[in-house]
Amino acid sequence: MEELLWRRPSLCGDGNNCPEVAITGDTVHIRSSLLPSSTAQLTLSEWRSLLAGVRNGEFDV
């Protein structure tokens, strides 16, 4: 398995409760810094839909 380059929002700083993302080809890998061994994989289309939903407040509680 290839080594992934994980990125996190700059607002997280050195915190340990942050979302992390790695993009390879047509796949976006996402995980929580609290549980880095558990990842989810999305297609680029799914990733764009997720980001649009976040921006539009679809997940606000």
# chains A, B, ... in the order shown; residues from 1 in each chain; ligands from 1
>>> residues_around(residues="Arg48 of chain A", least_positions_apart="5", cutoff="12 Å", atoms="only C-alpha atoms", output="list of chain:residue names")
A:Asp26, A:Thr27, A:Val28, A:Leu42, A:Thr43, A:Gly53, A:Val54, A:Arg55
>>> select_by_dssp(residues="chain A", states="strand (DSSP E)", output="PDB file with N, CA, C and O atoms, in the first residue's frame")
ATOM      1  N   PRO A  19      -9.962  16.432  11.477  1.00  0.00           N
ATOM      2  CA  PRO A  19     -10.128  15.622  10.270  1.00  0.00           C
ATOM      3  C   PRO A  19      -8.846  15.686   9.452  1.00  0.00           C
ATOM      4  O   PRO A  19      -8.145  16.695   9.453  1.00  0.00           O
ATOM      5  N   GLU A  20      -8.533  14.600   8.778  1.00  0.00           N
ATOM      6  CA  GLU A  20      -7.364  14.552   7.911  1.00  0.00           C
ATOM      7  C   GLU A  20      -7.777  13.976   6.561  1.00  0.00           C
ATOM      8  O   GLU A  20      -8.628  13.103   6.484  1.00  0.00           O
ATOM      9  N   VAL A  21      -7.149  14.490   5.495  1.00  0.00           N
ATOM     10  CA  VAL A  21      -7.501  14.107   4.131  1.00  0.00           C
ATOM     11  C   VAL A  21      -6.227  13.797   3.354  1.00  0.00           C
ATOM     12  O   VAL A  21      -5.219  14.488   3.493  1.00  0.00           O
ATOM     13  N   ALA A  22      -6.291  12.761   2.524  1.00  0.00           N
ATOM     14  CA  ALA A  22      -5.212  12.433   1.586  1.00  0.00           C
ATOM     15  C   ALA A  22      -5.858  12.130   0.241  1.00  0.00           C
ATOM     16  O   ALA A  22      -6.842  11.387   0.175  1.00  0.00           O
ATOM     17  N   ILE A  23      -5.330  12.715  -0.819  1.00  0.00           N
ATOM     18  CA  ILE A  23      -5.899  12.522  -2.159  1.00  0.00           C
ATOM     19  C   ILE A  23      -4.891  11.777  -3.022  1.00  0.00           C
ATOM     20  O   ILE A  23      -3.728  12.167  -3.115  1.00  0.00           O
ATOM     21  N   THR A  24      -5.367  10.688  -3.637  1.00  0.00           N
ATOM     22  CA  THR A  24      -4.535   9.900  -4.547  1.00  0.00           C
ATOM     23  C   THR A  24      -5.357   9.583  -5.785  1.00  0.00           C
ATOM     24  O   THR A  24      -6.391   8.936  -5.696  1.00  0.00           O
ATOM     25  N   THR A  27      -9.228   9.005  -5.750  1.00  0.00           N
ATOM     26  CA  THR A  27      -9.735   8.636  -4.432  1.00  0.00           C
ATOM     27  C   THR A  27      -9.353   9.669  -3.382  1.00  0.00           C
ATOM     28  O   THR A  27      -8.225  10.148  -3.353  1.00  0.00           O
ATOM     29  N   VAL A  28     -10.314   9.996  -2.527  1.00  0.00           N
ATOM     30  CA  VAL A  28     -10.063  10.872  -1.386  1.00  0.00           C
ATOM     31  C   VAL A  28     -10.201  10.019  -0.131  1.00  0.00           C
ATOM     32  O   VAL A  28     -11.235   9.395   0.093  1.00  0.00           O
ATOM     33  N   HIS A  29      -9.152   9.969   0.655  1.00  0.00           N
ATOM     34  CA  HIS A  29      -9.134   9.212   1.905  1.00  0.00           C
ATOM     35  C   HIS A  29      -9.368  10.203   3.038  1.00  0.00           C
ATOM     36  O   HIS A  29      -8.743  11.268   3.066  1.00  0.00           O
ATOM     37  N   ILE A  30     -10.255   9.872   3.961  1.00  0.00           N
ATOM     38  CA  ILE A  30     -10.505  10.747   5.103  1.00  0.00           C
ATOM     39  C   ILE A  30     -10.418   9.927   6.386  1.00  0.00           C
ATOM     40  O   ILE A  30     -10.702   8.730   6.394  1.00  0.00           O
ATOM     41  N   ARG A  31      -9.983  10.603   7.459  1.00  0.00           N
ATOM     42  CA  ARG A  31      -9.880   9.943   8.757  1.00  0.00           C
ATOM     43  C   ARG A  31      -9.895  10.998   9.852  1.00  0.00           C
ATOM     44  O   ARG A  31      -9.779  12.194   9.600  1.00  0.00           O
ATOM     45  N   SER A  32     -10.014  10.547  11.070  1.00  0.00           N
ATOM     46  CA  SER A  32      -9.901  11.399  12.238  1.00  0.00           C
ATOM     47  C   SER A  32      -8.520  11.198  12.835  1.00  0.00           C
ATOM     48  O   SER A  32      -8.033  10.068  12.908  1.00  0.00           O
ATOM     49  N   LEU A  35      -8.355   8.541  15.501  1.00  0.00           N
ATOM     50  CA  LEU A  35      -8.377   7.123  15.133  1.00  0.00           C
ATOM     51  C   LEU A  35      -7.791   6.964  13.723  1.00  0.00           C
ATOM     52  O   LEU A  35      -8.503   6.645  12.768  1.00  0.00           O
ATOM     53  N   PRO A  36      -6.489   7.192  13.574  1.00  0.00           N
ATOM     54  CA  PRO A  36      -5.884   7.227  12.241  1.00  0.00           C
ATOM     55  C   PRO A  36      -5.889   5.903  11.486  1.00  0.00           C
ATOM     56  O   PRO A  36      -5.733   5.895  10.274  1.00  0.00           O
ATOM     57  N   SER A  37      -6.099   4.786  12.167  1.00  0.00           N
ATOM     58  CA  SER A  37      -6.115   3.503  11.461  1.00  0.00           C
ATOM     59  C   SER A  37      -7.458   3.225  10.789  1.00  0.00           C
ATOM     60  O   SER A  37      -7.576   2.297   9.999  1.00  0.00           O
ATOM     61  N   SER A  38      -8.461   4.027  11.085  1.00  0.00           N
ATOM     62  CA  SER A  38      -9.790   3.855  10.496  1.00  0.00           C
ATOM     63  C   SER A  38     -10.021   4.953   9.459  1.00  0.00           C
ATOM     64  O   SER A  38     -10.116   6.125   9.799  1.00  0.00           O
ATOM     65  N   THR A  39     -10.088   4.553   8.189  1.00  0.00           N
ATOM     66  CA  THR A  39     -10.242   5.539   7.117  1.00  0.00           C
ATOM     67  C   THR A  39     -11.476   5.236   6.275  1.00  0.00           C
ATOM     68  O   THR A  39     -11.962   4.111   6.248  1.00  0.00           O
ATOM     69  N   ALA A  40     -11.943   6.258   5.607  1.00  0.00           N
ATOM     70  CA  ALA A  40     -13.022   6.112   4.629  1.00  0.00           C
ATOM     71  C   ALA A  40     -12.478   6.567   3.284  1.00  0.00           C
ATOM     72  O   ALA A  40     -11.572   7.411   3.220  1.00  0.00           O
ATOM     73  N   GLN A  41     -13.008   6.004   2.219  1.00  0.00           N
ATOM     74  CA  GLN A  41     -12.583   6.374   0.876  1.00  0.00           C
ATOM     75  C   GLN A  41     -13.782   6.883   0.097  1.00  0.00           C
ATOM     76  O   GLN A  41     -14.850   6.262   0.113  1.00  0.00           O
ATOM     77  N   LEU A  42     -13.593   8.003  -0.569  1.00  0.00           N
ATOM     78  CA  LEU A  42     -14.635   8.613  -1.387  1.00  0.00           C
ATOM     79  C   LEU A  42     -14.093   8.839  -2.790  1.00  0.00           C
ATOM     80  O   LEU A  42     -12.894   9.063  -2.975  1.00  0.00           O
ATOM     81  N   THR A  43     -14.988   8.803  -3.770  1.00  0.00           N
ATOM     82  CA  THR A  43     -14.595   9.223  -5.106  1.00  0.00           C
ATOM     83  C   THR A  43     -14.513  10.745  -5.102  1.00  0.00           C
ATOM     84  O   THR A  43     -15.011  11.410  -4.177  1.00  0.00           O
TER      85      THR A  43
END
>>> atom_distance(atom1="atom CA of Leu50 of chain A", atom2="atom CA of Trp6 of chain A")
18.2 Å
>>> closest_residue(among="A:Ser33, A:Ser45, A:Leu51, A:Phe59", to="Asp14 of chain A", atoms="only C-alpha atoms")
A:Ser33
>>> atom_distance(atom1="atom CA of Leu34 of chain A", atom2="atom CA of Asn17 of chain A")
5.5 Å
>>> select_by_dssp(residues="chain A", states="helix (DSSP H, G or I)", output="number ranges by chain")
A: 10-12, 44-55
>>> atom_distance(atom1="atom CA of Leu44 of chain A", atom2="atom CA of Leu5 of chain A")
16.6 Å
